[in-house]
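**Student:** Take a look at this one; I'll ask things after.
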Amino acid sequence: MPANTSPANPSAAERLLDLYRMMARIRAFENAAEETSRGGVAVFGSTADAIALVRGPLHLSTGQEAVAAGVCANLERSDYLTSTHRGHGHTLAKGADPTAMMCELFGRATGTNHGKGGSMHIADFSVGMLGANGVVAAGIPIAVGAAHSAKIRGSGAIVACFFGDGAINRGPFMEGLNWAKIFELPVLFVCEDNRYSATTATDAMTAGAGAAARALSMDIPAETVDGNDVLAVEQAARELAARARSGRGPQFLHALTYRVKGHVSVDPASYRKQSEVDGALESDPLKLAAAKLAALGVAAARIAEIEAQARVEIDAAVAVARAAPFPAADAAFTDVQDTGAGQWL
């Protein structure tokens with residue numbers, strides 16, 4: 001189809017293009033983060049020039065972009081979000097600056113948390129992103145607390161609470177959902193079900209019918225969607241977010257997706273069969289969205305341009321992060337709890 005041909009359904013095409021643009025940014029960010037970590041050291045030029053950029057392994061959300069993009073498309077800047085140890089995509093989709101995020105991964109003073117949070121504890125309160133969390137399910141009570149505050153204050157804000165399928169087997173899941181329902185709090189719980197809890201297939205360690213059934217047992221409305229279909233996620237999240245915002249209490253979205261990478265960036269994921277991964281890649285969220293864009297009459301060149309722009313943006317973020325300063329030594333004594341005993345003096 002000629003590049004200058006108009007889409008058959010302009011409004012639908014533009015809506016999907018916006019979602020695709022966010023997914024492409026997330027994919028480019030994760031690819032760059034993985035490359036710059038290389039298990040803690042990325043090599044630029046000769047081996048002698050090896051520079052430790054991102055120290056330690058990263059929890060990447062590659063292949064899960066549709067969940068972050070589809071849900072966060074329905075959030076206002078004044079809404080809140082809590083994330084997981086796999087939180088880069090959520091943070092980007094909520095509106096955080098990718099350059100500041102990359103600086104945070106690099107441990108630089110110009111990062112979103114001045115280099116103190118790193119990948120697993122990244123946060124950006126300016127866009128309502130209350131933080132990633134290295135403890136499985138620990139974001140749930142934080143989200144419920146934020147939602148209770150929003151209800152008491154009458155702010156009209158809702159909270160999107162992301163967690164993985166492994167979190168539903170931990171105490172904070174049941175405690176958090178129970179509290180949210182008892183007080184009819186404005187929370188959109190999002191179970192990002194990527195089929196694996198660290199290195200174990202989730203279905204081997206989760207009894208019963210799973211995440212949505214557990215929410216329904218507490219009388220919380222729940223919907224299960226194909227988490228790799230960004231339009232399906234966006235539509236379901238739009239309806240659920242509207243219910244939460246209108247005072248109808250907590251809502252639950254169970255998004256079925258797949259973790260393409262290992263648990264961390266240095267995990268070869270040898271516990272999975274390659275045929276399983278190859279099958280999952282056929283449902284790659286960007287691939288599915290690109291096919292739908294083509295069906296709507298969007299030229300392949302426009303789709304490729306979006307991907308290229310995302311790579312350029314993230315490459316620029318990496319360059320800025322590499323050149324950014326590390327925090328000053330005395331910054332270690334800021335942003336810490338002071339009990340008044342003078343131990344930080």
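Ligands are numbered from 1 in the order shown, chains are lettered A, B, ... in the order of the structure tokens, and residues start at 1 in each chain.
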So which residues of range 113-334 of chain A fall under helix (DSSP H, G or I) by DSSP, listed as JSON, numbers by chain?
**Tutor:** {"A": [125, 126, 127, 139, 140, 141, 142, 143, 144, 145, 146, 147, 148, 149, 150, 151, 152, 153, 165, 166, 167, 168, 169, 171, 172, 173, 174, 175, 176, 177, 178, 179, 180, 181, 182, 202, 203, 204, 211, 212, 213, 214, 215, 216, 230, 231, 232, 233, 234, 235, 236, 237, 238, 239, 240, 241, 242, 243, 244, 245, 274, 275, 276, 277, 278, 279, 280, 281, 285, 286, 287, 288, 289, 290, 291, 292, 293, 294, 295, 300, 301, 302, 303, 304, 305, 306, 307, 308, 309, 310, 311, 312, 313, 314, 315, 316, 317, 318, 319, 320, 321, 322, 323, 329, 330, 331, 332, 333]}
**Student:** Within 6 Å of range 120-137 of chain A, which residues of range 46-99 of chain A show up? Give each one with its shortest atom-to-atom distance in Å (one decimal) and the two atoms involved, counting only C-alpha atoms, rows by chain then rising residue number, as JSON lines.
**Tutor:**
```
{"residue": "A:Arg77", "atom": "CA", "partner": "A:Val127", "partner_atom": "CA", "distance": 5.5}
{"residue": "A:Asp79", "atom": "CA", "partner": "A:Gly128", "partner_atom": "CA", "distance": 5.9}
{"residue": "A:Tyr80", "atom": "CA", "partner": "A:Gly128", "partner_atom": "CA", "distance": 4.4}
{"residue": "A:Leu81", "atom": "CA", "partner": "A:Met129", "partner_atom": "CA", "distance": 4.9}
{"residue": "A:Thr82", "atom": "CA", "partner": "A:Leu130", "partner_atom": "CA", "distance": 5.4}
{"residue": "A:Ser83", "atom": "CA", "partner": "A:Ala132", "partner_atom": "CA", "distance": 4.4}
{"residue": "A:Thr84", "atom": "CA", "partner": "A:Ala132", "partner_atom": "CA", "distance": 4.8}
{"residue": "A:His85", "atom": "CA", "partner": "A:Met120", "partner_atom": "CA", "distance": 4.8}
{"residue": "A:Gly87", "atom": "CA", "partner": "A:Ala132", "partner_atom": "CA", "distance": 5.6}
```
**Student:** Can you write just those residues out, C-alpha atoms, as a tab-separated table (two decimals), in the first residue's frame?
**Tutor:**
```
chain	number	residue	atom	x	y	z
A	77	ARG	CA	-1.28	12.11	35.40
A	79	ASP	CA	-3.60	8.89	39.16
A	80	TYR	CA	-1.14	6.61	40.95
A	81	LEU	CA	0.67	3.45	40.03
A	82	THR	CA	2.63	0.80	41.90
A	83	SER	CA	4.87	-1.63	40.10
A	84	THR	CA	6.99	-4.73	40.49
A	85	HIS	CA	10.68	-5.59	40.20
A	87	GLY	CA	8.77	-2.10	36.28
```
**Student:** What are the DSSP strand (DSSP E) residues of range 215-344 of chain A, as JSON, numbers by chain?
**Tutor:** {"A": [222, 223, 224, 225, 226, 251, 252, 253, 254, 255, 256]}
**Student:** Which one is closest to Leu19 in chain A: A:Ala323, A:Ile303, A:Ile314, A:Met205? Count only C-alpha atoms.
**Tutor:**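 Of A:Ala323, A:Ile303, A:Ile314, A:Met205, the one nearest Leu19 in chain A, counting only C-alpha atoms, is A:Ile303.
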**Student:** Can you list, as a PDB file with C-alpha atoms, in the first residue's frame, every protein, DNA or RNA residue that comes within 8 Å of range 177-181 of chain A when you count only C-alpha atoms, leaving out same-chain residues fewer than 2 positions away?
**Tutor:**
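Output file selection-v3.pdb is given in full below:
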```
ATOM      1  CA  VAL A 144      -4.327   0.065  48.631  1.00  0.00           C
ATOM      2  CA  HIS A 148      -7.596   4.807  50.709  1.00  0.00           C
ATOM      3  CA  PHE A 173      -2.476 -10.222  47.777  1.00  0.00           C
ATOM      4  CA  MET A 174      -5.407 -11.483  49.835  1.00  0.00           C
ATOM      5  CA  GLU A 175      -4.965  -8.841  52.523  1.00  0.00           C
ATOM      6  CA  PHE A 183     -13.695   0.000  51.921  1.00  0.00           C
ATOM      7  CA  GLU A 184     -14.662   0.051  48.210  1.00  0.00           C
ATOM      8  CA  LEU A 185     -11.405   1.708  47.236  1.00  0.00           C
ATOM      9  CA  PRO A 186     -10.577   3.045  43.747  1.00  0.00           C
ATOM     10  CA  VAL A 187      -7.975   0.444  42.770  1.00  0.00           C
ATOM     11  CA  ALA A 215     -10.626 -11.790  43.011  1.00  0.00           C
ATOM     12  CA  MET A 218     -13.976 -11.455  47.272  1.00  0.00           C
ATOM     13  CA  ASP A 219     -16.744 -10.017  45.111  1.00  0.00           C
ATOM     14  CA  ILE A 220     -14.286  -7.942  43.086  1.00  0.00           C
ATOM     15  CA  GLY A 249     -14.899  -0.054  44.185  1.00  0.00           C
ATOM     16  CA  PRO A 250     -11.881  -2.135  43.221  1.00  0.00           C
TER      17      PRO A 250
END
```
**Student:** From the set A:Glu223, A:Glu30, A:Glu35, A:Asp330, which residue has the shortest atom-to-atom contact distance to Thr91 in chain A, counting only C-alpha atoms?
**Tutor:**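 Checking each candidate against Thr91 in chain A, we get A:Glu30 as the closest.
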**Student:** At what distance in Å, to one decimal, does CA of Pro98 in chain A lie from CA of Ala291 in chain A?
**Tutor:**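 These two atoms are separated by 26.8 Å.
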**Student:** Residues near Asp267 in chain A, anyone? I mean within 12 Å using only C-alpha atoms, not counting same-chain ones fewer than 6 positions away, as a PDB file with N, CA and C atoms, in the first residue's frame.
**Tutor:**
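This is the output file around_38.pdb:
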```
ATOM      1  N   GLU A  34      19.223  -3.952  28.573  1.00  0.00           N
ATOM      2  CA  GLU A  34      19.847  -5.276  28.541  1.00  0.00           C
ATOM      3  C   GLU A  34      21.261  -5.199  27.960  1.00  0.00           C
ATOM      4  N   ARG A  38      24.719  -6.285  30.310  1.00  0.00           N
ATOM      5  CA  ARG A  38      25.613  -7.389  29.956  1.00  0.00           C
ATOM      6  C   ARG A  38      26.106  -8.110  31.199  1.00  0.00           C
ATOM      7  N   GLY A  39      25.197  -8.326  32.131  1.00  0.00           N
ATOM      8  CA  GLY A  39      25.597  -8.958  33.367  1.00  0.00           C
ATOM      9  C   GLY A  39      26.321  -8.017  34.296  1.00  0.00           C
ATOM     10  N   GLY A  56      24.772  -5.196  38.034  1.00  0.00           N
ATOM     11  CA  GLY A  56      23.816  -6.212  38.449  1.00  0.00           C
ATOM     12  C   GLY A  56      22.808  -6.532  37.360  1.00  0.00           C
ATOM     13  N   PRO A  57      22.140  -7.656  37.475  1.00  0.00           N
ATOM     14  CA  PRO A  57      21.156  -8.069  36.471  1.00  0.00           C
ATOM     15  C   PRO A  57      19.886  -7.234  36.539  1.00  0.00           C
ATOM     16  N   LEU A  58      19.153  -7.207  35.435  1.00  0.00           N
ATOM     17  CA  LEU A  58      17.909  -6.450  35.345  1.00  0.00           C
ATOM     18  C   LEU A  58      16.735  -7.398  35.145  1.00  0.00           C
ATOM     19  N   HIS A  59      15.576  -6.993  35.641  1.00  0.00           N
ATOM     20  CA  HIS A  59      14.338  -7.728  35.394  1.00  0.00           C
ATOM     21  C   HIS A  59      13.637  -7.027  34.230  1.00  0.00           C
ATOM     22  N   LEU A  60      13.675  -7.633  33.069  1.00  0.00           N
ATOM     23  CA  LEU A  60      13.175  -6.999  31.854  1.00  0.00           C
ATOM     24  C   LEU A  60      11.717  -7.380  31.584  1.00  0.00           C
ATOM     25  N   ALA A 198       9.611 -16.477  38.794  1.00  0.00           N
ATOM     26  CA  ALA A 198      11.071 -16.632  38.778  1.00  0.00           C
ATOM     27  C   ALA A 198      11.431 -17.752  37.807  1.00  0.00           C
ATOM     28  N   THR A 199      11.820 -18.914  38.306  1.00  0.00           N
ATOM     29  CA  THR A 199      12.260 -19.992  37.415  1.00  0.00           C
ATOM     30  C   THR A 199      11.301 -21.181  37.410  1.00  0.00           C
ATOM     31  N   VAL A 260       9.416 -13.115  27.715  1.00  0.00           N
ATOM     32  CA  VAL A 260      10.305 -13.585  26.658  1.00  0.00           C
ATOM     33  C   VAL A 260      11.714 -13.845  27.185  1.00  0.00           C
ATOM     34  N   LYS A 261      12.201 -12.976  28.037  1.00  0.00           N
ATOM     35  CA  LYS A 261      13.554 -13.099  28.572  1.00  0.00           C
ATOM     36  C   LYS A 261      13.547 -13.984  29.820  1.00  0.00           C
TER      37      LYS A 261
END
```
**Student:** Of the residues A:Arg302, A:His263, A:Lys292, A:Lys151, which is the one nearest to Asn9 in chain A, using only C-alpha atoms?
**Tutor:**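 Checking each candidate against Asn9 in chain A, we get A:Lys292 as the closest.
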**Student:** Work out how far apart CA of Ser275 in chain A and CA of Ala201 in chain A are and give it in Å to one decimal.
**Tutor:** 15.1 Å
**Student:** With distances taken over only C-alpha atoms, which residue among A:Glu307, A:Asp165, A:Glu76, A:Glu282 lies nearest Tyr196 in chain A?
**Tutor:**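 Result for the nearest residue to Tyr196 in chain A: A:Asp165.
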**Student:** So, with only C-alpha atoms as the atoms that count, which of A:Arg195, A:Leu188, A:Asp284, A:Ala109 lies closest to Arg272 in chain A?
**Tutor:**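 So, comparing all the options, the nearest one is A:Arg195.
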**Student:** Work out how far CA of Ala299 in chain A is from CA of Arg27 in chain A, in Å to one decimal.
**Tutor:** 20.7 Å
**Student:** List the spatial neighbours of Ala310 in chain A as a list in words - criterion: any atom at most 7 Å away, only C-alpha atoms, same-chain residues fewer than 5 positions off excluded.
**Tutor:**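 Listing them by chain and then by number gives Ala24, Arg25 and Ala28 of chain A.
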**Student:** Restrict the selected residues to N, CA and C atoms and save them as a PDB file, in the first residue's frame.
**Tutor:**
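Output file part35.pdb is given in full below:
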```
ATOM      1  N   ALA A  24       6.712   0.481  21.459  1.00  0.00           N
ATOM      2  CA  ALA A  24       8.023   0.554  20.812  1.00  0.00           C
ATOM      3  C   ALA A  24       9.050   1.233  21.707  1.00  0.00           C
ATOM      4  N   ARG A  25       8.616   2.260  22.445  1.00  0.00           N
ATOM      5  CA  ARG A  25       9.530   2.928  23.386  1.00  0.00           C
ATOM      6  C   ARG A  25       9.963   1.974  24.493  1.00  0.00           C
ATOM      7  N   ALA A  28      12.373  -0.608  23.061  1.00  0.00           N
ATOM      8  CA  ALA A  28      13.694  -0.014  22.824  1.00  0.00           C
ATOM      9  C   ALA A  28      14.426   0.217  24.141  1.00  0.00           C
TER      10      ALA A  28
END
```
**Student:** Choose the residue, out of A:Met23, A:Ala212, A:Val67, A:Ala308, that has the smallest atom-to-atom separation from Lys287 in chain A; count only C-alpha atoms.
**Tutor:**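 Result for the nearest residue to Lys287 in chain A: A:Met23.
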